[in-house]
file entry_15.pdb (PDB, C-alpha atoms, pLDDT in the B column)
ATOM      1  CA  MET A 272     -30.399 103.741  93.169  1.00 58.00           C
ATOM      2  CA  GLN A 273     -32.005 105.525  90.241  1.00 71.00           C
ATOM      3  CA  PRO A 274     -29.827 107.012  87.475  1.00 89.00           C
ATOM      4  CA  ASN A 275     -29.529 110.789  87.466  1.00 91.00           C
ATOM      5  CA  PHE A 276     -27.532 113.678  86.064  1.00 94.00           C
ATOM      6  CA  GLU A 277     -27.039 117.091  87.650  1.00 97.00           C
ATOM      7  CA  GLU A 278     -25.216 120.287  86.836  1.00 97.00           C
ATOM      8  CA  THR A 279     -24.924 123.735  88.393  1.00 98.00           C
ATOM      9  CA  LYS A 280     -24.029 126.949  86.594  1.00 98.00           C
ATOM     10  CA  GLN A 281     -23.617 130.518  87.813  1.00 98.00           C
ATOM     11  CA  PHE A 282     -24.781 133.653  86.036  1.00 97.00           C
ATOM     12  CA  SER A 283     -24.498 137.391  86.605  1.00 96.00           C
ATOM     13  CA  ILE A 284     -28.145 137.988  85.742  1.00 94.00           C
ATOM     14  CA  ASN A 285     -30.841 139.159  88.145  1.00 95.00           C
ATOM     15  CA  TYR A 286     -32.972 136.552  89.882  1.00 97.00           C
ATOM     16  CA  ASP A 287     -36.252 137.381  88.121  1.00 97.00           C
ATOM     17  CA  GLU A 288     -34.706 137.028  84.667  1.00 96.00           C
ATOM     18  CA  LEU A 289     -32.957 133.780  85.659  1.00 97.00           C
ATOM     19  CA  PHE A 290     -36.151 132.276  87.016  1.00 98.00           C
ATOM     20  CA  MET A 291     -38.343 133.290  84.065  1.00 97.00           C
ATOM     21  CA  THR A 292     -35.745 132.123  81.532  1.00 97.00           C
ATOM     22  CA  SER A 293     -35.431 128.787  83.370  1.00 97.00           C
ATOM     23  CA  LEU A 294     -39.205 128.390  83.386  1.00 97.00           C
ATOM     24  CA  GLU A 295     -39.448 129.099  79.650  1.00 96.00           C
ATOM     25  CA  ALA A 296     -36.553 126.707  78.964  1.00 97.00           C
ATOM     26  CA  ILE A 297     -38.271 123.858  80.798  1.00 96.00           C
ATOM     27  CA  LYS A 298     -41.634 124.613  79.141  1.00 94.00           C
ATOM     28  CA  ALA A 299     -39.960 123.934  75.769  1.00 92.00           C
ATOM     29  CA  PHE A 300     -39.838 120.223  76.694  1.00 87.00           C
ATOM     30  CA  GLU A 301     -42.650 117.781  75.980  1.00 79.00           C
ATOM     31  CA  LEU A 302     -43.826 117.478  79.573  1.00 86.00           C
ATOM     32  CA  GLU A 303     -46.437 115.501  81.408  1.00 83.00           C
ATOM     33  CA  ARG A 304     -46.643 118.124  84.162  1.00 89.00           C
ATOM     34  CA  ILE A 305     -44.862 121.156  85.530  1.00 94.00           C
ATOM     35  CA  ALA A 306     -45.008 123.007  88.834  1.00 97.00           C
ATOM     36  CA  TYR A 307     -43.105 126.049  89.984  1.00 97.00           C
ATOM     37  CA  ASP A 308     -42.754 128.464  92.869  1.00 98.00           C
ATOM     38  CA  GLU A 309     -41.158 131.772  91.932  1.00 96.00           C
ATOM     39  CA  GLU A 310     -40.639 132.789  95.555  1.00 96.00           C
ATOM     40  CA  SER A 311     -38.508 129.721  96.370  1.00 97.00           C
ATOM     41  CA  GLY A 312     -36.973 129.466  92.895  1.00 98.00           C
ATOM     42  CA  SER A 313     -38.039 125.861  92.354  1.00 98.00           C
ATOM     43  CA  ILE A 314     -39.297 124.333  89.117  1.00 98.00           C
ATOM     44  CA  THR A 315     -40.240 120.667  88.876  1.00 97.00           C
ATOM     45  CA  ALA A 316     -41.366 118.762  85.826  1.00 96.00           C
ATOM     46  CA  LYS A 317     -41.982 115.218  84.654  1.00 94.00           C
ATOM     47  CA  THR A 318     -41.300 114.087  81.124  1.00 89.00           C
ATOM     48  CA  SER A 319     -43.670 111.781  79.313  1.00 83.00           C
ATOM     49  CA  ASN A 320     -43.092 108.051  79.045  1.00 79.00           C
ATOM     50  CA  SER A 321     -40.929 106.933  76.149  1.00 72.00           C
ATOM     51  CA  LEU A 322     -39.424 103.759  74.769  1.00 69.00           C
ATOM     52  CA  GLU A 323     -36.333 104.370  76.915  1.00 65.00           C
ATOM     53  CA  SER A 324     -38.046 105.060  80.241  1.00 69.00           C
ATOM     54  CA  LEU A 325     -41.177 105.679  82.253  1.00 77.00           C
ATOM     55  CA  GLY A 326     -40.276 109.352  82.306  1.00 84.00           C
ATOM     56  CA  GLU A 327     -37.805 111.489  84.183  1.00 90.00           C
ATOM     57  CA  ASP A 328     -38.232 113.960  87.002  1.00 93.00           C
ATOM     58  CA  ILE A 329     -36.508 117.271  86.321  1.00 96.00           C
ATOM     59  CA  GLN A 330     -35.755 119.741  89.110  1.00 97.00           C
ATOM     60  CA  ILE A 331     -34.477 123.252  88.545  1.00 98.00           C
ATOM     61  CA  GLN A 332     -33.487 125.432  91.486  1.00 98.00           C
ATOM     62  CA  VAL A 333     -32.658 129.104  90.953  1.00 98.00           C
ATOM     63  CA  ASP A 334     -31.077 131.019  93.822  1.00 97.00           C
ATOM     64  CA  HIS A 335     -30.609 134.730  94.461  1.00 97.00           C
ATOM     65  CA  ASP A 336     -26.817 134.418  94.099  1.00 97.00           C
ATOM     66  CA  GLY A 337     -27.139 133.670  90.371  1.00 97.00           C
ATOM     67  CA  ASN A 338     -26.827 129.878  90.588  1.00 98.00           C
ATOM     68  CA  ILE A 339     -29.034 127.467  88.693  1.00 98.00           C
ATOM     69  CA  TYR A 340     -29.005 123.844  89.832  1.00 98.00           C
ATOM     70  CA  ALA A 341     -30.456 121.417  87.267  1.00 98.00           C
ATOM     71  CA  ARG A 342     -31.101 117.723  87.935  1.00 97.00           C
ATOM     72  CA  SER A 343     -32.811 114.960  85.983  1.00 95.00           C
ATOM     73  CA  GLU A 344     -33.605 111.595  87.540  1.00 93.00           C
ATOM     74  CA  SER A 345     -35.204 108.535  86.004  1.00 88.00           C
ATOM     75  CA  ALA A 346     -38.578 107.839  87.543  1.00 73.00           C
ATOM     76  CA  CYS A 347     -38.227 104.078  87.391  1.00 72.00           C
ATOM     77  CA  ALA A 348     -35.150 102.668  85.694  1.00 64.00           C
ATOM     78  CA  PHE A 349     -31.778 101.163  86.482  1.00 68.00           C
ATOM     79  CA  ILE A 350     -30.228 102.338  83.210  1.00 69.00           C
ATOM     80  CA  ASP A 351     -31.101 105.721  81.744  1.00 73.00           C
ATOM     81  CA  TRP A 352     -29.520 105.372  78.283  1.00 77.00           C
ATOM     82  CA  SER A 353     -28.100 108.911  78.850  1.00 86.00           C
ATOM     83  CA  LYS A 354     -31.639 110.323  78.918  1.00 88.00           C
ATOM     84  CA  ASN A 355     -30.970 112.326  82.103  1.00 92.00           C
ATOM     85  CA  GLU A 356     -27.860 113.971  80.683  1.00 94.00           C
ATOM     86  CA  THR A 357     -29.770 114.683  77.465  1.00 93.00           C
ATOM     87  CA  ASN A 358     -32.557 116.367  79.465  1.00 94.00           C
ATOM     88  CA  ILE A 359     -30.132 118.695  81.226  1.00 97.00           C
ATOM     89  CA  THR A 360     -28.225 119.418  78.008  1.00 97.00           C
ATOM     90  CA  LYS A 361     -31.534 120.282  76.328  1.00 96.00           C
ATOM     91  CA  PHE A 362     -32.485 122.523  79.256  1.00 97.00           C
ATOM     92  CA  TRP A 363     -29.216 124.499  78.924  1.00 98.00           C
ATOM     93  CA  GLU A 364     -29.593 124.723  75.130  1.00 97.00           C
ATOM     94  CA  ASN A 365     -33.129 126.100  75.547  1.00 97.00           C
ATOM     95  CA  PHE A 366     -31.950 128.441  78.321  1.00 97.00           C
ATOM     96  CA  TYR A 367     -29.104 129.940  76.249  1.00 97.00           C
ATOM     97  CA  ALA A 368     -31.309 130.247  73.149  1.00 97.00           C
ATOM     98  CA  ILE A 369     -33.902 132.217  75.140  1.00 97.00           C
ATOM     99  CA  LEU A 370     -31.188 134.502  76.572  1.00 95.00           C
ATOM    100  CA  GLU A 371     -29.754 135.031  73.087  1.00 94.00           C
ATOM    101  CA  ASP A 372     -33.200 135.896  71.660  1.00 92.00           C
ATOM    102  CA  ALA A 373     -33.791 138.360  74.487  1.00 87.00           C
ATOM    103  CA  GLU A 374     -30.447 140.065  73.807  1.00 85.00           C
ATOM    104  CA  GLU A 375     -31.156 140.284  70.080  1.00 87.00           C
ATOM    105  CA  ASN A 376     -34.589 141.791  70.698  1.00 87.00           C
ATOM    106  CA  ALA A 377     -33.402 144.273  73.332  1.00 73.00           C
TER     107      ALA A 377
END

call {"tool": "encode", "arguments": {"input": "entry_15.pdb", "output": "structure tokens"}}
result
Amino acid sequence: MQPNFEETKQFSINYDELFMTSLEAIKAFELERIAYDEESGSITAKTSNSLESLGEDIQIQVDHDGNIYARSESACAFIDWSKNETNITKFWENFYAILEDAEENA
């Protein structure tokens, strides 16, 4: 079983803004690759290799009810040294910073 960390949060923001903010938040990472499908609300990414791991797979799922499901899973490790939790924490920090910037510039 590979180590992982997941968290779901709910927002009262329209779907398009949630999806675009999530996409921008994940693009702020140093990523090896990223793929997304706006229609289904899915964003997938892979982090680069590091000293702690061979990278992590990050999945973000945005739904039309205002929920964002975020999950990070180690690609090939038995211990993640909290890297998965750090990835999701960083995603939320990026997400909230982007929302805050948008509010300030509105």

call {"tool": "resolve_selection", "arguments": {"input": "entry_15.pdb", "expression": "the PyMOL selection byres ((chain A and resi 274-276) around 12)", "output": "short mmCIF file (atom, residue, chain, number, x, y, z; two decimals) with C-alpha atoms, in the frame of the given file"}}
result
data_model
loop_
_atom_site.label_atom_id
_atom_site.label_comp_id
_atom_site.auth_asym_id
_atom_site.auth_seq_id
_atom_site.Cartn_x
_atom_site.Cartn_y
_atom_site.Cartn_z
CA MET A 272 -30.40 103.74 93.17
CA GLN A 273 -32.01 105.52 90.24
CA GLU A 277 -27.04 117.09 87.65
CA GLU A 278 -25.22 120.29 86.84
CA THR A 279 -24.92 123.74 88.39
CA SER A 324 -38.05 105.06 80.24
CA GLY A 326 -40.28 109.35 82.31
CA GLU A 327 -37.80 111.49 84.18
CA ASP A 328 -38.23 113.96 87.00
CA ILE A 329 -36.51 117.27 86.32
CA GLN A 330 -35.76 119.74 89.11
CA TYR A 340 -29.00 123.84 89.83
CA ALA A 341 -30.46 121.42 87.27
CA ARG A 342 -31.10 117.72 87.94
CA SER A 343 -32.81 114.96 85.98
CA GLU A 344 -33.60 111.60 87.54
CA SER A 345 -35.20 108.54 86.00
CA ALA A 346 -38.58 107.84 87.54
CA CYS A 347 -38.23 104.08 87.39
CA ALA A 348 -35.15 102.67 85.69
CA PHE A 349 -31.78 101.16 86.48
CA ILE A 350 -30.23 102.34 83.21
CA ASP A 351 -31.10 105.72 81.74
CA TRP A 352 -29.52 105.37 78.28
CA SER A 353 -28.10 108.91 78.85
CA LYS A 354 -31.64 110.32 78.92
CA ASN A 355 -30.97 112.33 82.10
CA GLU A 356 -27.86 113.97 80.68
CA THR A 357 -29.77 114.68 77.46
CA ASN A 358 -32.56 116.37 79.46
CA ILE A 359 -30.13 118.70 81.23
CA THR A 360 -28.22 119.42 78.01
#

call {"tool": "residues_around", "arguments": {"input": "entry_15.pdb", "residues": "Asn285 in chain A", "least_positions_apart": "6", "cutoff": "10 Å", "atoms": "all atoms listed in the file", "output": "PyMOL selection string"}}
result
chain A and resi 334-337

call {"tool": "write_last_selection", "arguments": {"input": "entry_15.pdb", "atoms": "C-alpha atoms", "output": "tab-separated table (two decimals), in the frame of the given file"}}
result
chain	number	residue	atom	x	y	z
A	334	ASP	CA	-31.08	131.02	93.82
A	335	HIS	CA	-30.61	134.73	94.46
A	336	ASP	CA	-26.82	134.42	94.10
A	337	GLY	CA	-27.14	133.67	90.37

call {"tool": "resolve_selection", "arguments": {"input": "entry_15.pdb", "expression": "the PyMOL selection byres ((chain A and resi 365-368) around 10)", "output": "PyMOL selection string"}}
result
chain A and resi 289+291-300+359-364+369-374

call {"tool": "residues_around", "arguments": {"input": "entry_15.pdb", "residues": "range 301-309 of chain A", "least_positions_apart": "3", "cutoff": "9 Å", "atoms": "all atoms listed in the file", "output": "list in words"}}
result
Asp287, Phe290, Met291, Leu294, Ile297, Lys298, Gly312, Ser313, Ile314, Thr315, Ala316, Lys317, Thr318, Ser319, Asn320, Gly326 and Val333 of chain A
